[in-house]
$ cat query_34.cif   # mmCIF, C-alpha atoms and all ligand atoms
data_coords
#
loop_
_atom_site.label_atom_id
_atom_site.label_comp_id
_atom_site.auth_asym_id
_atom_site.auth_seq_id
_atom_site.Cartn_x
_atom_site.Cartn_y
_atom_site.Cartn_z
CA MET A 128 162.41 74.17 95.64
CA PRO A 129 159.01 73.59 94.00
CA GLY A 130 156.54 76.46 94.06
CA LYS A 131 153.56 76.79 96.35
CA VAL A 132 149.94 76.70 95.29
CA VAL A 133 147.77 79.38 96.88
CA THR A 134 144.01 79.26 96.33
CA VAL A 135 141.94 82.39 96.92
CA THR A 136 138.34 81.54 97.73
CA SER A 137 135.20 82.75 99.54
CA GLY A 138 131.74 81.65 100.55
CA LYS A 139 129.83 84.67 99.32
CA GLY A 140 130.40 86.02 95.82
CA GLY A 141 131.73 89.45 94.99
CA VAL A 142 133.86 89.91 98.11
CA GLY A 143 137.11 90.53 96.21
CA LYS A 144 138.73 87.19 95.32
CA THR A 145 139.67 88.14 91.77
CA THR A 146 140.94 91.54 92.89
CA ALA A 147 143.01 89.88 95.62
CA THR A 148 144.41 87.19 93.31
CA ALA A 149 145.46 89.72 90.66
CA ASN A 150 147.08 92.06 93.15
CA ILE A 151 148.86 89.47 95.27
CA ALA A 152 150.21 87.95 92.06
CA ALA A 153 151.39 91.32 90.71
CA ALA A 154 152.94 92.25 94.06
CA MET A 155 154.86 88.98 94.10
CA ALA A 156 156.03 89.50 90.54
CA LEU A 157 157.27 92.97 91.57
CA LYS A 158 159.34 91.15 94.20
CA ASN A 159 160.96 89.12 91.42
CA GLN A 160 158.97 85.99 92.09
CA LYS A 161 157.94 83.85 89.16
CA VAL A 162 154.14 83.69 89.32
CA VAL A 163 151.36 82.05 87.36
CA CYS A 164 147.66 82.74 88.03
CA ILE A 165 144.93 80.31 87.09
CA ASP A 166 141.39 81.56 86.65
CA ALA A 167 139.35 78.62 87.94
CA ASP A 168 136.04 80.45 87.69
CA ILE A 169 134.98 78.58 84.58
CA GLY A 170 132.14 80.19 82.66
CA LEU A 171 132.65 83.49 84.51
CA ARG A 172 136.09 84.52 83.31
CA ASN A 173 137.28 87.72 85.01
CA LEU A 174 140.90 87.56 86.08
CA ASP A 175 141.95 88.43 82.52
CA VAL A 176 140.15 91.79 82.53
CA VAL A 177 141.25 92.66 86.06
CA LEU A 178 144.85 92.05 84.98
CA GLY A 179 144.31 93.84 81.65
CA LEU A 180 145.20 90.78 79.56
CA GLU A 181 141.82 90.13 77.95
CA ASN A 182 142.93 90.88 74.40
CA ARG A 183 145.64 88.27 74.32
CA ILE A 184 143.69 85.10 75.06
CA VAL A 185 143.96 82.31 72.53
CA TYR A 186 143.68 79.15 74.61
CA ASP A 187 142.22 78.58 78.05
CA LEU A 188 142.31 76.20 81.02
CA VAL A 189 139.86 73.72 79.48
CA ASP A 190 141.88 73.64 76.24
CA VAL A 191 144.91 72.61 78.28
CA ILE A 192 143.00 69.96 80.22
CA GLU A 193 141.37 68.52 77.14
CA GLY A 194 144.68 68.49 75.28
CA ARG A 195 143.86 71.00 72.53
CA CYS A 196 147.03 72.95 73.28
CA ARG A 197 150.22 72.67 75.24
CA LEU A 198 150.40 74.27 78.68
CA ARG A 199 152.86 76.92 77.42
CA GLN A 200 150.44 78.03 74.73
CA ALA A 201 147.70 78.85 77.23
CA MET A 202 149.98 80.92 79.46
CA ILE A 203 149.73 84.65 78.74
CA ARG A 204 152.71 86.64 79.86
CA ASP A 205 152.11 90.07 81.41
CA LYS A 206 154.76 92.16 79.68
CA ARG A 207 154.61 94.97 82.23
CA LEU A 208 155.97 92.78 85.01
CA PRO A 209 159.06 90.58 85.13
CA GLU A 210 157.50 87.11 85.46
CA LEU A 211 153.72 87.07 85.69
CA TYR A 212 151.59 84.66 83.67
CA LEU A 213 147.86 83.95 83.41
CA ILE A 214 146.01 80.81 82.45
CA PRO A 215 142.52 82.12 81.66
CA ALA A 216 139.23 80.36 82.40
CA ALA A 217 137.09 78.97 79.59
CA GLN A 218 134.15 81.25 78.99
CA THR A 219 131.83 78.93 77.10
CA ARG A 220 132.06 75.84 79.28
CA ASP A 221 130.94 74.93 82.76
CA LYS A 222 132.72 73.69 85.84
CA SER A 223 132.15 70.02 85.01
CA ALA A 224 134.76 70.35 82.25
CA VAL A 225 137.44 70.25 84.97
CA SER A 226 137.94 67.78 87.82
CA PRO A 227 139.96 68.10 91.04
CA SER A 228 142.50 65.59 89.74
CA ASP A 229 142.94 67.65 86.54
CA MET A 230 143.87 70.61 88.74
CA VAL A 231 146.32 68.54 90.75
CA ARG A 232 147.99 67.28 87.58
CA LEU A 233 148.18 70.80 86.13
CA CYS A 234 149.66 72.28 89.30
CA ASN A 235 152.22 69.50 89.56
CA GLU A 236 153.38 70.47 86.10
CA LEU A 237 153.58 74.16 87.02
CA LYS A 238 155.20 73.88 90.46
CA PRO A 239 158.76 73.04 89.37
CA GLU A 240 158.80 76.07 87.08
CA PHE A 241 157.19 78.73 89.23
CA ASP A 242 157.65 80.12 92.72
CA TRP A 243 153.90 80.62 93.09
CA VAL A 244 150.75 79.24 91.49
CA LEU A 245 147.77 81.44 92.44
CA ILE A 246 144.28 80.08 91.83
CA ASP A 247 141.24 82.37 91.65
CA SER A 248 138.31 80.27 92.86
CA PRO A 249 134.63 80.74 92.12
CA ALA A 250 132.45 81.58 95.13
CA GLY A 251 130.47 78.90 96.89
CA ILE A 252 130.79 75.29 97.94
CA GLU A 253 130.22 73.48 94.65
CA ARG A 254 132.40 71.68 92.13
CA GLY A 255 134.30 74.84 91.19
CA PHE A 256 135.44 75.28 94.78
CA ARG A 257 136.57 71.65 95.01
CA ASN A 258 138.55 72.07 91.79
CA ALA A 259 140.16 75.24 93.05
CA ILE A 260 141.31 73.82 96.40
CA ALA A 261 142.36 70.37 95.21
CA ALA A 262 146.01 71.29 94.66
CA ALA A 263 146.30 74.05 97.26
CA ASP A 264 149.15 74.25 99.75
CA ILE A 265 147.67 77.41 101.26
CA ILE A 266 144.02 78.47 101.18
CA VAL A 267 143.14 82.12 101.55
CA VAL A 268 139.53 83.01 102.37
CA VAL A 269 138.34 86.50 101.47
CA THR A 270 135.44 88.10 103.30
CA ASN A 271 133.90 91.52 103.93
CA PRO A 272 133.02 92.90 107.38
CA GLU A 273 129.34 92.22 106.89
CA VAL A 274 127.01 89.51 108.27
CA SER A 275 126.28 87.40 105.21
CA ALA A 276 129.90 87.41 104.01
CA VAL A 277 131.11 86.41 107.48
CA ARG A 278 128.57 83.64 107.80
CA ASP A 279 129.46 82.21 104.39
CA ALA A 280 133.17 82.51 105.18
CA ASP A 281 132.55 80.37 108.24
CA ARG A 282 130.96 77.65 106.11
CA ILE A 283 133.90 77.64 103.72
CA ILE A 284 136.46 77.61 106.53
CA GLY A 285 134.62 74.61 108.03
CA LEU A 286 134.73 72.78 104.68
CA ILE A 287 138.43 73.52 104.29
CA GLU A 288 139.03 72.03 107.74
CA ALA A 289 136.92 69.00 106.92
CA GLU A 290 139.01 68.42 103.79
CA GLU A 291 142.12 68.69 105.98
CA LYS A 292 143.37 71.56 103.85
CA GLY A 293 143.46 74.03 106.71
CA PRO A 294 144.13 76.16 108.53
CA ALA A 295 142.68 78.76 106.20
CA GLN A 296 144.08 82.27 106.24
CA LEU A 297 141.75 85.25 106.20
CA ILE A 298 141.68 88.48 104.22
CA ILE A 299 139.11 91.03 105.34
CA ASN A 300 138.42 93.31 102.37
CA ARG A 301 136.50 96.57 101.96
CA ILE A 302 136.93 97.80 105.53
CA LYS A 303 135.62 101.31 106.09
CA PRO A 304 137.62 102.75 109.00
CA ASP A 305 135.16 105.57 109.63
CA MET A 306 132.22 103.22 109.97
CA VAL A 307 134.22 100.89 112.20
CA LYS A 308 135.13 103.84 114.40
CA LYS A 309 131.46 104.77 114.75
CA GLY A 310 130.49 101.23 115.68
CA ASP A 311 128.60 100.77 112.44
CA MET A 312 130.78 98.13 110.82
CA LEU A 313 132.19 94.89 112.24
CA SER A 314 135.81 95.59 113.17
CA PRO A 315 138.67 93.28 112.17
CA ASP A 316 138.75 92.18 115.83
CA ASP A 317 135.06 91.24 115.68
CA VAL A 318 135.44 89.25 112.47
CA LEU A 319 138.51 87.42 113.73
CA GLU A 320 136.83 86.58 117.00
CA LEU A 321 133.79 85.20 115.19
CA LEU A 322 135.70 83.15 112.65
CA ALA A 323 138.61 82.12 114.90
CA VAL A 324 141.03 81.87 112.01
CA GLU A 325 144.50 83.12 111.13
CA LEU A 326 144.70 86.66 109.71
CA LEU A 327 146.58 87.28 106.47
CA GLY A 328 145.57 90.83 105.62
CA LEU A 329 143.23 93.78 105.99
CA ILE A 330 142.24 95.80 102.93
CA PRO A 331 140.43 99.12 103.18
CA GLU A 332 137.59 100.09 100.90
CA ASP A 333 139.44 102.16 98.33
CA GLU A 334 138.33 103.88 95.12
CA THR A 335 141.74 103.26 93.55
CA VAL A 336 140.76 99.57 93.35
CA ILE A 337 137.93 100.52 91.03
CA THR A 338 139.88 103.03 88.93
CA SER A 339 142.86 100.74 88.48
CA THR A 340 140.57 97.82 87.64
CA ASN A 341 138.92 100.08 85.04
CA ARG A 342 142.34 100.49 83.45
CA GLY A 343 143.36 96.85 83.78
CA VAL A 344 146.36 97.77 85.91
CA PRO A 345 146.87 96.05 89.28
CA VAL A 346 146.48 98.56 92.12
CA VAL A 347 149.73 97.38 93.76
CA ILE A 348 151.60 99.29 91.05
CA ASP A 349 150.14 102.53 92.44
CA GLY A 350 152.56 103.49 95.21
CA LYS A 351 150.05 105.85 96.81
CA SER A 352 147.06 103.51 96.98
CA ARG A 353 146.18 102.32 100.49
CA ALA A 354 144.64 99.11 99.16
CA GLY A 355 147.73 98.62 97.00
CA ARG A 356 149.94 98.83 100.05
CA ALA A 357 147.73 96.38 101.92
CA PHE A 358 148.00 93.86 99.05
CA ARG A 359 151.78 94.30 98.92
CA ASN A 360 151.88 93.55 102.65
CA ILE A 361 149.91 90.37 102.07
CA SER A 362 152.32 89.15 99.43
CA GLN A 363 155.24 89.89 101.75
CA ARG A 364 153.59 87.85 104.49
CA LEU A 365 153.14 84.95 102.09
CA LEU A 366 156.83 85.31 101.25
CA GLY A 367 157.53 84.74 104.93
CA GLU A 368 158.28 88.29 106.01
CA ARG A 369 156.85 89.60 109.25
CA VAL A 370 154.84 92.64 108.34
CA PRO A 371 153.01 94.09 111.32
CA PHE A 372 149.38 94.85 110.67
CA ALA A 373 149.85 98.17 112.46
CA SER A 374 152.12 99.47 109.73
CA ILE A 375 149.46 99.27 107.01
CA GLU A 376 148.14 102.70 107.73
CA GLU A 377 148.94 105.64 109.88
CA SER A 378 145.45 107.12 109.96
CA GLY A 379 143.26 106.87 113.02
CA GLY A 380 141.14 104.44 114.94
CA LEU A 381 140.93 101.28 112.86
CA PHE A 382 144.64 100.98 112.70
CA ASN A 383 145.11 101.21 116.41
CA GLN A 384 142.84 98.22 116.58
CA ILE A 385 144.90 96.42 114.00
CA GLY A 386 147.96 97.01 116.15
CA ARG A 387 146.14 95.27 118.95
CA ILE A 388 145.21 92.28 116.85
CA PHE A 389 148.79 91.93 115.77
CA ARG A 390 150.07 91.84 119.32
CA LYS A 391 147.34 89.50 120.43
CA GLY A 392 148.09 87.08 117.60
CA GLY A 393 151.77 87.31 118.42
CA GLY A 394 152.68 87.51 114.76
CA MET B 132 113.13 117.68 118.89
CA ALA B 133 116.35 116.62 117.25
CA GLY B 134 117.78 116.11 120.74
CA PHE B 135 114.95 113.72 121.55
CA PHE B 136 115.63 111.59 118.48
CA ASP B 137 119.35 111.67 119.12
CA ARG B 138 118.77 110.32 122.60
CA LEU B 139 116.38 107.72 121.30
CA LEU B 140 118.88 106.58 118.69
CA SER B 141 121.88 106.51 120.96
CA ARG B 142 120.08 104.19 123.34
CA GLU B 143 119.93 101.55 120.65
CA PRO B 144 123.08 99.40 120.62
CA LYS B 145 125.51 100.12 117.80
CA SER B 146 124.75 98.15 114.64
CA ALA B 147 128.18 96.47 114.62
CA TYR B 148 127.53 95.21 118.14
CA GLN B 149 124.18 93.81 117.07
CA ALA B 150 125.78 92.17 114.04
CA LYS B 151 128.40 90.49 116.20
CA GLU B 152 125.95 89.19 118.80
CA ARG B 153 123.66 87.81 116.10
CA MET B 154 126.54 86.17 114.27
CA LYS B 155 127.83 84.50 117.44
CA LEU B 156 124.56 82.62 117.76
CA VAL B 157 124.14 81.89 114.07
CA LEU B 158 127.64 80.45 113.75
CA VAL B 159 127.26 78.17 116.78
CA HIS B 160 124.18 76.61 115.24
CA ASP B 161 125.57 76.56 111.68
CA ARG B 162 128.72 74.77 112.78
CA SER B 163 126.99 72.16 114.90
CA ASN B 164 124.08 71.77 112.51
CA LEU B 165 121.92 71.94 115.63
CA SER B 166 119.10 74.47 115.69
CA PRO B 167 117.96 76.11 118.95
CA GLN B 168 114.80 73.95 118.76
CA ALA B 169 116.82 70.76 118.28
CA LEU B 170 118.93 71.72 121.28
CA GLU B 171 115.77 72.10 123.39
CA GLN B 172 114.58 68.69 122.29
CA LEU B 173 117.94 67.17 123.09
CA LYS B 174 117.69 68.67 126.55
CA ASP B 175 114.24 67.14 127.11
CA GLU B 176 115.47 63.73 125.99
CA LEU B 177 118.52 63.98 128.25
CA ILE B 178 116.23 64.68 131.21
CA GLU B 179 114.13 61.68 130.34
CA VAL B 180 117.07 59.27 130.08
CA ILE B 181 119.04 60.52 133.04
CA SER B 182 116.00 60.69 135.33
CA ARG B 183 115.63 56.94 134.89
CA HIS B 184 118.93 56.48 136.74
CA VAL B 185 119.32 59.40 139.08
CA ASN B 186 117.20 62.10 140.59
CA ILE B 187 118.15 65.40 138.92
CA ASP B 188 117.37 69.06 139.42
CA THR B 189 115.86 69.97 136.05
CA GLN B 190 115.51 73.63 137.04
CA GLY B 191 119.23 74.07 137.61
CA MET B 192 120.20 72.12 134.51
CA ARG B 193 122.15 73.76 131.67
CA VAL B 194 122.78 72.30 128.21
CA GLU B 195 124.76 74.52 125.89
CA ILE B 196 127.32 74.66 123.12
CA THR B 197 130.58 76.34 124.06
CA LYS B 198 133.46 77.10 121.77
CA GLU B 199 137.18 77.39 121.95
CA GLY B 200 138.69 78.64 118.73
CA ARG B 201 136.76 76.77 116.05
CA GLU B 202 136.13 73.75 118.27
CA GLN B 203 132.73 73.35 119.79
CA ARG B 204 131.66 71.33 122.76
CA LEU B 205 128.27 70.30 124.00
CA ILE B 206 128.28 70.93 127.74
CA ALA B 207 125.58 69.49 129.96
CA ASP B 208 125.69 70.62 133.56
CA ILE B 209 123.11 68.64 135.49
CA PRO B 210 122.79 69.05 139.25
CA ILE B 211 121.89 65.85 141.11
CA LYS B 212 119.43 66.14 143.95
CA THR B 213 121.12 64.83 147.07
CA LEU B 214 119.26 62.79 149.62
CA ALA B 215 119.77 65.53 152.22
CA LYS B 216 118.31 68.14 149.92
CA ARG B 217 115.35 65.96 149.18
CA ARG B 218 114.62 65.40 152.82
CA MET B 219 114.78 69.11 153.55
CA GLY B 220 112.92 70.29 150.48
N1 LIG C 1 139.01 97.09 98.58
C1 LIG C 1 138.13 97.43 97.63
N2 LIG C 1 137.71 98.71 97.51
C2 LIG C 1 136.80 99.04 96.55
N3 LIG C 1 136.26 98.18 95.68
C3 LIG C 1 136.63 96.89 95.75
C4 LIG C 1 137.58 96.45 96.73
N4 LIG C 1 137.75 95.11 96.56
C5 LIG C 1 136.95 94.75 95.53
N5 LIG C 1 136.29 95.80 95.03
C6 LIG C 1 135.31 95.78 93.93
O1 LIG C 1 134.31 94.83 94.25
C7 LIG C 1 133.86 94.16 93.08
C8 LIG C 1 133.95 92.66 93.25
O2 LIG C 1 135.32 92.29 93.34
P1 LIG C 1 135.86 90.92 92.70
O3 LIG C 1 135.40 90.76 91.31
O4 LIG C 1 137.33 90.89 92.98
O5 LIG C 1 135.11 89.89 93.63
P2 LIG C 1 135.03 88.30 93.48
O6 LIG C 1 135.02 87.75 94.86
O7 LIG C 1 136.10 87.81 92.58
O8 LIG C 1 133.60 88.10 92.79
P3 LIG C 1 132.99 86.74 92.18
O9 LIG C 1 132.50 85.93 93.36
O10 LIG C 1 131.88 87.19 91.31
O11 LIG C 1 134.09 86.04 91.44
C9 LIG C 1 134.69 94.68 91.95
O12 LIG C 1 133.97 95.68 91.28
C10 LIG C 1 135.91 95.30 92.64
O13 LIG C 1 136.47 96.36 91.90
MG MG C 2 135.94 86.56 90.84
#

$ encode --input "query_34.cif" --output "structure tokens"
Amino acid sequence: MPGKVVTVTSGKGGVGKTTATANIAAAMALKNQKVVCIDADIGLRNLDVVLGLENRIVYDLVDVIEGRCRLRQAMIRDKRLPELYLIPAAQTRDKSAVSPSDMVRLCNELKPEFDWVLIDSPAGIERGFRNAIAAADIIVVVTNPEVSAVRDADRIIGLIEAEEKGPAQLIINRIKPDMVKKGDMLSPDDVLELLAVELLGLIPEDETVITSTNRGVPVVIDGKSRAGRAFRNISQRLLGERVPFASIEESGGLFNQIGRIFRKGGG
Amino acid sequence: MAGFFDRLLSREPKSAYQAKERMKLVLVHDRSNLSPQALEQLKDELIEVISRHVNIDTQGMRVEITKEGREQRLIADIPIKTLAKRRMG
């Protein structure tokens, strides 16, 4: 069976796409899936440092597309995990170096060999976004529970629908349960009601994301991290397992709400 | 004194509630690409056209965008003045 292409995107920048891509990929690799990540944020390469692979780059995505190297040569293997590879973004070029049909061709070459192709998209609605979604089987939109991120997520979800690439699946990242409890942060229920989209995962704000990113180690490897667990749950859902949202956390108010969403959504 | 400010603050709706209410409106207009002003103008033009054919109750008229999931609908609810009503009123 050929692999699936999952694109992780957002309207607003800085909401956690690269973090999500790296951790979903690592969680899948931990489940013995064969995974390759593509950093499609050309000119703003980041997935390499988040994964801790920055010192091993020789060739990049644009080198592959322009034929300066073979595909294999641009794929960096993460030696800490069974089968995780990265195709890094070019740092000195811009998005016009790649076209949507280049991405489709590349993914068609990767799909027979991998279970999953994960694409880290740049933020926004420009060329880079079109490149990143061109080959996608599944599009994941990341947002934060905050007005501008939600508004921009709505724009992106609308564009994904217009391109007939939907329905998009939503990750709400950086949730602060205490603020939600006090009525000072949009709850997952609120965001889902506003965006009317399928839920893929809920990630708490968690300092272990920052410390593990500092080290270049995906947070899913940390068995105690709450965010790590939430990312592992997301990868399991993508693998077709039913993971109730209620089981993410045992602590307090927010997670009672998540239980409710889960029942309401029926899955 | 602190009690006074506490009471004052607690009377203000929670910020998450305000965020949600504001976003509901913003998203309706973003998705339809129709601003509140444009919607008003559309309403005026509807009145003009429809009044040419039938006598309508412009006071009781409603023109609004409703949504179901991500689908939006422009709903115009326009009461027609009946002959009986006109005679009485
Ligand atoms: N759940 C979380 N808890 C704490 N910090 C987080 C969380 N998710 C992301 N971050 C931090 O937020 C910052 C932005 O994350 P990231 O780089 O993944 O966003 P992005 O959407 O890829 O940004 P860009 O649009 O610039 O590509 C990073 O410093 C990251 O460590
Ligand atoms: Mg990024």

$ atom_distance --input "query_34.cif" --atom1 "CA of Thr219 in chain A" --atom2 "CA of Val346 in chain A"
28.7 Å

$ interface_residues --input "query_34.cif" --of "chain B" --to "chain A" --cutoff "7 Å" --atoms "only C-alpha atoms" --output "PDB file with C-alpha atoms, keeping the file's coordinate frame"
ATOM      1  CA  LYS B 145     125.510 100.120 117.800  1.00  0.00           C
ATOM      2  CA  SER B 146     124.750  98.150 114.640  1.00  0.00           C
ATOM      3  CA  ALA B 147     128.180  96.470 114.620  1.00  0.00           C
ATOM      4  CA  ALA B 150     125.780  92.170 114.040  1.00  0.00           C
ATOM      5  CA  LYS B 151     128.400  90.490 116.200  1.00  0.00           C
ATOM      6  CA  MET B 154     126.540  86.170 114.270  1.00  0.00           C
ATOM      7  CA  LYS B 155     127.830  84.500 117.440  1.00  0.00           C
ATOM      8  CA  LEU B 158     127.640  80.450 113.750  1.00  0.00           C
ATOM      9  CA  GLY B 200     138.690  78.640 118.730  1.00  0.00           C
ATOM     10  CA  ARG B 201     136.760  76.770 116.050  1.00  0.00           C
TER      11      ARG B 201
END

$ residues_near_point --input "query_34.cif" --point "(138.9, 70.6, 101.2)" --cutoff "10 Å" --atoms "all atoms listed in the file" --output "PyMOL selection string"
chain A and resi 252+256-263+266+283-293

$ write_last_selection --input "query_34.cif" --atoms "C-alpha atoms" --output "PDB file, in the frame of the given file"
ATOM      1  CA  ILE A 252     130.790  75.290  97.940  1.00  0.00           C
ATOM      2  CA  PHE A 256     135.440  75.280  94.780  1.00  0.00           C
ATOM      3  CA  ARG A 257     136.570  71.650  95.010  1.00  0.00           C
ATOM      4  CA  ASN A 258     138.550  72.070  91.790  1.00  0.00           C
ATOM      5  CA  ALA A 259     140.160  75.240  93.050  1.00  0.00           C
ATOM      6  CA  ILE A 260     141.310  73.820  96.400  1.00  0.00           C
ATOM      7  CA  ALA A 261     142.360  70.370  95.210  1.00  0.00           C
ATOM      8  CA  ALA A 262     146.010  71.290  94.660  1.00  0.00           C
ATOM      9  CA  ALA A 263     146.300  74.050  97.260  1.00  0.00           C
ATOM     10  CA  ILE A 266     144.020  78.470 101.180  1.00  0.00           C
ATOM     11  CA  ILE A 283     133.900  77.640 103.720  1.00  0.00           C
ATOM     12  CA  ILE A 284     136.460  77.610 106.530  1.00  0.00           C
ATOM     13  CA  GLY A 285     134.620  74.610 108.030  1.00  0.00           C
ATOM     14  CA  LEU A 286     134.730  72.780 104.680  1.00  0.00           C
ATOM     15  CA  ILE A 287     138.430  73.520 104.290  1.00  0.00           C
ATOM     16  CA  GLU A 288     139.030  72.030 107.740  1.00  0.00           C
ATOM     17  CA  ALA A 289     136.920  69.000 106.920  1.00  0.00           C
ATOM     18  CA  GLU A 290     139.010  68.420 103.790  1.00  0.00           C
ATOM     19  CA  GLU A 291     142.120  68.690 105.980  1.00  0.00           C
ATOM     20  CA  LYS A 292     143.370  71.560 103.850  1.00  0.00           C
ATOM     21  CA  GLY A 293     143.460  74.030 106.710  1.00  0.00           C
TER      22      GLY A 293
END

$ atom_distance --input "query_34.cif" --atom1 "CA of Ile302 in chain A" --atom2 "CA of Ile330 in chain A"
6.2 Å

$ residues_near_ligand --input "query_34.cif" --ligand "ligand MG 2 (chain C)" --cutoff "8 Å" --atoms "all atoms listed in the file" --output "JSON, numbers by chain"
{"A": [140, 141, 143, 144, 145, 146, 168, 171, 172, 173, 174, 247, 248, 249, 250]}

$ axis_aligned_box --input "query_34.cif" --around "ligand LIG 1 (chain C)" --padding-each-side "6 Å" --output "lines of an AutoDock Vina configuration file"
center_x = 135.4
center_y = 92.5
center_z = 94.9
size_x = 19.1
size_y = 25.1
size_z = 19.3

$ residues_around --input "query_34.cif" --residues "Lys174 in chain B" --least-positions-apart "6" --cutoff "9 Å" --atoms "all atoms listed in the file" --output "list of chain:residue names"
B:Arg193, B:Val194, B:Ala207

$ write_last_selection --input "query_34.cif" --atoms "C-alpha atoms" --output "compact mmCIF listing (two decimals), keeping the file's coordinate frame"
# COMPACT_ATOMS: atom_id res chain seq x y z
CA ARG B 193 122.15 73.76 131.67
CA VAL B 194 122.78 72.30 128.21
CA ALA B 207 125.58 69.49 129.96

$ atom_distance --input "query_34.cif" --atom1 "CA of Asn159 in chain A" --atom2 "CA of Asp205 in chain A"
13.4 Å

$ closest_residue --input "query_34.cif" --among "A:Cys234, A:Leu329, A:Val162, A:Leu198" --to "ligand LIG 1 (chain C)" --atoms "all atoms listed in the file"
A:Leu329

$ closest_residue --input "query_34.cif" --among "A:Tyr212, A:Trp243, A:Phe358, A:Tyr186" --to "ligand LIG 1 (chain C)" --atoms "all atoms listed in the file"
A:Phe358

$ residues_around --input "query_34.cif" --residues "Met192 in chain B" --least-positions-apart "5" --cutoff "10 Å" --atoms "all atoms listed in the file" --output "PyMOL selection string"
chain B and resi 174+178+187+207-211

$ closest_residue --input "query_34.cif" --among "B:Thr213, B:Lys198, B:Tyr148, B:Leu156" --to "Val185 in chain B" --atoms "all atoms listed in the file"
B:Thr213

$ residues_around --input "query_34.cif" --residues "Asp242 in chain A" --least-positions-apart "3" --cutoff "12 Å" --atoms "only C-alpha atoms" --output "PDB file with C-alpha atoms, keeping the file's coordinate frame"
ATOM      1  CA  MET A 128     162.410  74.170  95.640  1.00  0.00           C
ATOM      2  CA  PRO A 129     159.010  73.590  94.000  1.00  0.00           C
ATOM      3  CA  GLY A 130     156.540  76.460  94.060  1.00  0.00           C
ATOM      4  CA  LYS A 131     153.560  76.790  96.350  1.00  0.00           C
ATOM      5  CA  VAL A 132     149.940  76.700  95.290  1.00  0.00           C
ATOM      6  CA  VAL A 133     147.770  79.380  96.880  1.00  0.00           C
ATOM      7  CA  ALA A 152     150.210  87.950  92.060  1.00  0.00           C
ATOM      8  CA  MET A 155     154.860  88.980  94.100  1.00  0.00           C
ATOM      9  CA  ALA A 156     156.030  89.500  90.540  1.00  0.00           C
ATOM     10  CA  LYS A 158     159.340  91.150  94.200  1.00  0.00           C
ATOM     11  CA  ASN A 159     160.960  89.120  91.420  1.00  0.00           C
ATOM     12  CA  GLN A 160     158.970  85.990  92.090  1.00  0.00           C
ATOM     13  CA  LYS A 161     157.940  83.850  89.160  1.00  0.00           C
ATOM     14  CA  VAL A 162     154.140  83.690  89.320  1.00  0.00           C
ATOM     15  CA  VAL A 163     151.360  82.050  87.360  1.00  0.00           C
ATOM     16  CA  CYS A 164     147.660  82.740  88.030  1.00  0.00           C
ATOM     17  CA  GLU A 210     157.500  87.110  85.460  1.00  0.00           C
ATOM     18  CA  LEU A 211     153.720  87.070  85.690  1.00  0.00           C
ATOM     19  CA  TYR A 212     151.590  84.660  83.670  1.00  0.00           C
ATOM     20  CA  CYS A 234     149.660  72.280  89.300  1.00  0.00           C
ATOM     21  CA  LEU A 237     153.580  74.160  87.020  1.00  0.00           C
ATOM     22  CA  LYS A 238     155.200  73.880  90.460  1.00  0.00           C
ATOM     23  CA  PRO A 239     158.760  73.040  89.370  1.00  0.00           C
ATOM     24  CA  LEU A 245     147.770  81.440  92.440  1.00  0.00           C
ATOM     25  CA  LEU A 365     153.140  84.950 102.090  1.00  0.00           C
ATOM     26  CA  LEU A 366     156.830  85.310 101.250  1.00  0.00           C
TER      27      LEU A 366
END

$ residues_around --input "query_34.cif" --residues "Asn150 in chain A" --least-positions-apart "6" --cutoff "9 Å" --atoms "all atoms listed in the file" --output "list of chain:residue names"
A:Leu178, A:Pro345, A:Val346, A:Val347, A:Ile348, A:Gly355, A:Phe358, A:Arg359, A:Ser362

$ closest_residue --input "query_34.cif" --among "A:Val267, A:Val185, A:Val177, A:Leu157" --to "Thr338 in chain A" --atoms "only C-alpha atoms"
A:Val177

$ decode --input "query_34.cif" --residues "range 153-160 of chain A" --atoms "N, CA and C atoms" --output "PDB file, in the first residue's frame"
ATOM      1  N   ALA A 153       8.091  11.686  14.657  1.00  0.00           N
ATOM      2  CA  ALA A 153       8.870  10.862  15.591  1.00  0.00           C
ATOM      3  C   ALA A 153       7.963   9.832  16.272  1.00  0.00           C
ATOM      4  N   ALA A 154       6.748  10.252  16.624  1.00  0.00           N
ATOM      5  CA  ALA A 154       5.823   9.312  17.274  1.00  0.00           C
ATOM      6  C   ALA A 154       5.464   8.169  16.335  1.00  0.00           C
ATOM      7  N   MET A 155       5.310   8.489  15.052  1.00  0.00           N
ATOM      8  CA  MET A 155       5.006   7.427  14.093  1.00  0.00           C
ATOM      9  C   MET A 155       6.185   6.487  13.918  1.00  0.00           C
ATOM     10  N   ALA A 156       7.386   7.068  13.887  1.00  0.00           N
ATOM     11  CA  ALA A 156       8.589   6.236  13.756  1.00  0.00           C
ATOM     12  C   ALA A 156       8.723   5.312  14.970  1.00  0.00           C
ATOM     13  N   LEU A 157       8.363   5.814  16.155  1.00  0.00           N
ATOM     14  CA  LEU A 157       8.390   4.974  17.361  1.00  0.00           C
ATOM     15  C   LEU A 157       7.408   3.808  17.254  1.00  0.00           C
ATOM     16  N   LYS A 158       6.382   3.997  16.425  1.00  0.00           N
ATOM     17  CA  LYS A 158       5.400   2.927  16.194  1.00  0.00           C
ATOM     18  C   LYS A 158       5.789   2.069  14.992  1.00  0.00           C
ATOM     19  N   ASN A 159       7.080   2.121  14.653  1.00  0.00           N
ATOM     20  CA  ASN A 159       7.615   1.309  13.551  1.00  0.00           C
ATOM     21  C   ASN A 159       7.057   1.638  12.177  1.00  0.00           C
ATOM     22  N   GLN A 160       6.629   2.879  12.009  1.00  0.00           N
ATOM     23  CA  GLN A 160       6.238   3.328  10.685  1.00  0.00           C
ATOM     24  C   GLN A 160       7.470   3.897   9.994  1.00  0.00           C
TER      25      GLN A 160
END
